[in-house]
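Inspection log for the structure reproduced underneath, given as structure tokens.
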Amino acid sequence: MNDLKSTTINKRKIGAGFAVFVIVLLCFAITTYAFIMSSVSVEENLFTTGEVRINMNDSVPIITEEEFVFEPGMTVVKDFFVENESTIDVYYRVYLENVEGRLADILDVTLKEGDAVLYKGKASGMTATDVDSSEDTMEPGEVRWLNISFCYPYDGGNSGKNTQISFDVCVEAVQTKNNPDKEFD
């Protein structure tokens, strides 16, 4: 009789275990179905990306090595343009890179777009992080005229005698969409 009772108890345990297994399997199936349904894609959505491309002065140098010999009190002003050849609106900034030579710490540089001063300081400090970007959005196809002045101050005296400066003028642009803080990184 004990064997019959233990067999009945074992059958009940096996049946209960099987029922729990079926319930867990059913819950897993329902969860999987819900996950798949929440991940279904919607057709006919089109996403495009913009292209950022800038033309600075048609790649013509703004100032050349042979053009001027700087002396105290001398100021040179050069005009150039930046054109947005992008497919989207951009912010841009112009800066100096690879600045070398003792004149870099003597020459005062001012970069202007119209009346807005984008940079004013020594040539050695006109880095990408120290120059202000354009104030407003530049639309595709738009051209902006800027001028840059190089001034050898009177108080520089002969400290720059027989010295030189070399640098690259660079322009960098970023999209305006989703970039209200004008982040260039």
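Labels used: A, B, ... for chains in the order of the structure tokens, numbers from 1 for residues in each chain, and numbers from 1 for ligands as shown.
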Can you list, as a PyMOL selection string, every protein, DNA or RNA residue that comes within 12 Å of A:Pro180 when you count only C-alpha atoms, leaving out same-chain residues fewer than 3 positions away?
-> chain A and resi 90-91+135-137+174-177+183-184
Save out the residues we just selected, all heavy atoms, as a CSV table (one decimal), in the first residue's frame.
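Just written: out_31.csv:
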chain,number,residue,atom,x,y,z
A,90,VAL,N,25.5,75.1,-41.6
A,90,VAL,CA,26.7,74.9,-40.8
A,90,VAL,C,27.0,76.1,-40.0
A,90,VAL,O,26.6,77.2,-40.3
A,90,VAL,CB,27.9,74.5,-41.6
A,90,VAL,CG1,27.7,73.2,-42.4
A,90,VAL,CG2,28.3,75.6,-42.6
A,91,TYR,N,27.8,75.9,-38.9
A,91,TYR,CA,28.6,76.9,-38.2
A,91,TYR,C,30.1,76.7,-38.7
A,91,TYR,O,30.4,75.5,-39.0
A,91,TYR,CB,28.6,76.7,-36.7
A,91,TYR,CG,27.2,76.8,-36.1
A,91,TYR,CD1,26.7,75.7,-35.4
A,91,TYR,CD2,26.5,78.0,-36.1
A,91,TYR,CE1,25.4,75.8,-34.8
A,91,TYR,CE2,25.2,78.1,-35.5
A,91,TYR,CZ,24.7,77.0,-34.9
A,91,TYR,OH,23.5,77.0,-34.3
A,135,GLU,N,28.6,83.6,-35.9
A,135,GLU,CA,27.5,83.9,-35.0
A,135,GLU,C,26.2,83.2,-35.4
A,135,GLU,O,25.4,82.7,-34.6
A,135,GLU,CB,27.2,85.4,-34.9
A,135,GLU,CG,28.2,86.1,-34.0
A,135,GLU,CD,28.1,85.6,-32.6
A,135,GLU,OE1,27.0,85.6,-32.0
A,135,GLU,OE2,29.2,85.3,-32.0
A,136,ASP,N,25.9,83.2,-36.7
A,136,ASP,CA,24.7,82.6,-37.2
A,136,ASP,C,24.9,81.5,-38.2
A,136,ASP,O,26.0,81.3,-38.6
A,136,ASP,CB,23.8,83.7,-37.7
A,136,ASP,CG,24.5,84.6,-38.8
A,136,ASP,OD1,25.7,84.5,-38.9
A,136,ASP,OD2,23.8,85.3,-39.6
A,137,THR,N,23.8,80.9,-38.5
A,137,THR,CA,23.9,79.7,-39.4
A,137,THR,C,24.3,80.2,-40.8
A,137,THR,O,23.9,81.2,-41.3
A,137,THR,CB,22.4,79.1,-39.5
A,137,THR,OG1,22.1,78.7,-38.2
A,137,THR,CG2,22.4,77.9,-40.4
A,174,VAL,N,30.8,72.6,-38.9
A,174,VAL,CA,29.9,71.5,-38.3
A,174,VAL,C,28.5,71.8,-38.6
A,174,VAL,O,28.1,73.0,-38.8
A,174,VAL,CB,30.1,71.4,-36.7
A,174,VAL,CG1,31.5,70.9,-36.4
A,174,VAL,CG2,29.8,72.7,-36.0
A,175,GLN,N,27.7,70.8,-38.6
A,175,GLN,CA,26.3,71.0,-38.9
A,175,GLN,C,25.6,71.8,-37.7
A,175,GLN,O,26.0,71.7,-36.6
A,175,GLN,CB,25.6,69.7,-39.1
A,175,GLN,CG,25.5,68.8,-37.8
A,175,GLN,CD,24.7,67.5,-38.0
A,175,GLN,OE1,24.5,67.1,-39.1
A,175,GLN,NE2,24.3,66.9,-36.9
A,176,THR,N,24.5,72.5,-38.1
A,176,THR,CA,23.8,73.2,-37.0
A,176,THR,C,22.7,72.4,-36.4
A,176,THR,O,22.4,72.6,-35.2
A,176,THR,CB,23.2,74.5,-37.6
A,176,THR,OG1,22.3,74.1,-38.7
A,176,THR,CG2,24.2,75.4,-38.2
A,177,LYS,N,22.2,71.4,-37.2
A,177,LYS,CA,21.1,70.6,-36.6
A,177,LYS,C,21.5,69.8,-35.4
A,177,LYS,O,22.6,69.2,-35.5
A,177,LYS,CB,20.5,69.7,-37.7
A,177,LYS,CG,19.3,69.0,-37.4
A,177,LYS,CD,18.6,68.4,-38.6
A,177,LYS,CE,17.3,67.8,-38.1
A,177,LYS,NZ,16.2,68.3,-38.9
A,183,GLU,N,29.2,72.7,-31.0
A,183,GLU,CA,30.3,71.8,-30.7
A,183,GLU,C,31.0,71.3,-31.9
A,183,GLU,O,30.4,70.8,-32.8
A,183,GLU,CB,29.7,70.6,-29.9
A,183,GLU,CG,29.1,70.9,-28.6
A,183,GLU,CD,30.0,71.3,-27.6
A,183,GLU,OE1,31.2,70.9,-27.6
A,183,GLU,OE2,29.7,72.2,-26.7
A,184,PHE,N,32.3,71.5,-32.0
A,184,PHE,CA,33.1,71.2,-33.1
A,184,PHE,C,33.8,69.8,-32.9
A,184,PHE,O,34.5,69.4,-33.8
A,184,PHE,CB,34.2,72.2,-33.4
A,184,PHE,CG,33.6,73.4,-34.2
A,184,PHE,CD1,33.0,74.4,-33.5
A,184,PHE,CD2,33.7,73.5,-35.5
A,184,PHE,CE1,32.4,75.5,-34.1
A,184,PHE,CE2,33.2,74.6,-36.2
A,184,PHE,CZ,32.6,75.6,-35.5
May I have a table of the residues of stretch 118-140 of chain A lying at most 12 Å from stretch 151-158 of chain A, giving each one's closest pair of atoms and their distance in Å to one decimal, counting only C-alpha atoms, ordered by chain and ascending residue number, as a tab-separated table?
residue	atom	partner	partner_atom	distance
A:Lys120	CA	A:Cys151	CA	10.9
A:Gly121	CA	A:Cys151	CA	10.1
A:Lys122	CA	A:Cys151	CA	9.4
A:Ala123	CA	A:Cys151	CA	9.8
Write out the residues from the selection above, keeping N, CA and C atoms, as a PDB file, in the first residue's frame.
ATOM      1  N   LYS A 120      40.858  88.182 -31.696  1.00  0.00           N
ATOM      2  CA  LYS A 120      41.779  89.316 -31.559  1.00  0.00           C
ATOM      3  C   LYS A 120      42.825  88.891 -30.541  1.00  0.00           C
ATOM      4  N   GLY A 121      44.070  88.844 -30.979  1.00  0.00           N
ATOM      5  CA  GLY A 121      45.149  88.429 -30.096  1.00  0.00           C
ATOM      6  C   GLY A 121      46.402  88.119 -30.897  1.00  0.00           C
ATOM      7  N   LYS A 122      47.348  87.481 -30.244  1.00  0.00           N
ATOM      8  CA  LYS A 122      48.608  87.116 -30.900  1.00  0.00           C
ATOM      9  C   LYS A 122      48.370  85.955 -31.877  1.00  0.00           C
ATOM     10  N   ALA A 123      49.180  85.907 -32.912  1.00  0.00           N
ATOM     11  CA  ALA A 123      49.064  84.834 -33.904  1.00  0.00           C
ATOM     12  C   ALA A 123      49.224  83.465 -33.233  1.00  0.00           C
TER      13      ALA A 123
END
Within chain A, find each residue whose DSSP state, derived from the backbone, is strand (DSSP E), and express the selection as a PyMOL selection string.
-> chain A and resi 54-56+75-84+90-100+108-113+116-122+143-151+166-175
For stretch 53-65 of chain A: contacts at 6 Å, only C-alpha atoms, fewer than 5 positions along chain excluded, given as a PDB file with N, CA and C atoms, in the first residue's frame:
ATOM      1  N   PHE A  80      39.187  87.549 -47.640  1.00  0.00           N
ATOM      2  CA  PHE A  80      39.012  86.208 -48.203  1.00  0.00           C
ATOM      3  C   PHE A  80      37.582  85.770 -47.946  1.00  0.00           C
ATOM      4  N   PHE A  81      37.193  84.656 -48.543  1.00  0.00           N
ATOM      5  CA  PHE A  81      35.821  84.183 -48.365  1.00  0.00           C
ATOM      6  C   PHE A  81      35.773  82.739 -47.902  1.00  0.00           C
ATOM      7  N   VAL A  82      34.645  82.426 -47.305  1.00  0.00           N
ATOM      8  CA  VAL A  82      34.317  81.059 -46.903  1.00  0.00           C
ATOM      9  C   VAL A  82      32.959  80.759 -47.527  1.00  0.00           C
ATOM     10  N   GLU A  83      32.865  79.649 -48.250  1.00  0.00           N
ATOM     11  CA  GLU A  83      31.622  79.272 -48.920  1.00  0.00           C
ATOM     12  C   GLU A  83      31.147  77.921 -48.403  1.00  0.00           C
ATOM     13  N   ASN A  84      29.870  77.854 -48.083  1.00  0.00           N
ATOM     14  CA  ASN A  84      29.275  76.606 -47.610  1.00  0.00           C
ATOM     15  C   ASN A  84      28.863  75.766 -48.817  1.00  0.00           C
ATOM     16  N   GLU A  85      29.640  74.750 -49.127  1.00  0.00           N
ATOM     17  CA  GLU A  85      29.321  73.828 -50.213  1.00  0.00           C
ATOM     18  C   GLU A  85      28.645  72.569 -49.672  1.00  0.00           C
ATOM     19  N   SER A  86      28.169  72.647 -48.445  1.00  0.00           N
ATOM     20  CA  SER A  86      27.513  71.519 -47.788  1.00  0.00           C
ATOM     21  C   SER A  86      26.079  71.372 -48.293  1.00  0.00           C
TER      22      SER A  86
END
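Nearest to A:Asn178 of all the residues A:Val143, A:Gly114, A:Asp89, A:Pro72 is A:Asp89, based on only C-alpha atoms.
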Using only C-alpha atoms, which residues sit within 12 Å of A:Lys161 once same-chain residues fewer than 5 positions away are excluded, as an mmCIF file with C-alpha atoms, in the first residue's frame?
data_model
loop_
_atom_site.group_PDB
_atom_site.id
_atom_site.type_symbol
_atom_site.label_atom_id
_atom_site.label_comp_id
_atom_site.auth_asym_id
_atom_site.auth_seq_id
_atom_site.Cartn_x
_atom_site.Cartn_y
_atom_site.Cartn_z
ATOM 1 C CA VAL A 69 58.460 91.917 -44.691
ATOM 2 C CA PHE A 70 56.952 93.038 -41.385
ATOM 3 C CA GLU A 71 58.375 95.973 -39.447
ATOM 4 C CA PRO A 72 57.146 97.836 -36.352
ATOM 5 C CA GLY A 101 58.541 81.281 -35.499
ATOM 6 C CA ARG A 102 59.201 84.121 -33.054
ATOM 7 C CA LEU A 103 56.900 86.531 -34.912
ATOM 8 C CA ILE A 106 54.724 89.482 -31.692
ATOM 9 C CA TYR A 152 53.410 94.359 -36.000
ATOM 10 C CA GLY A 156 57.426 95.183 -30.638
#
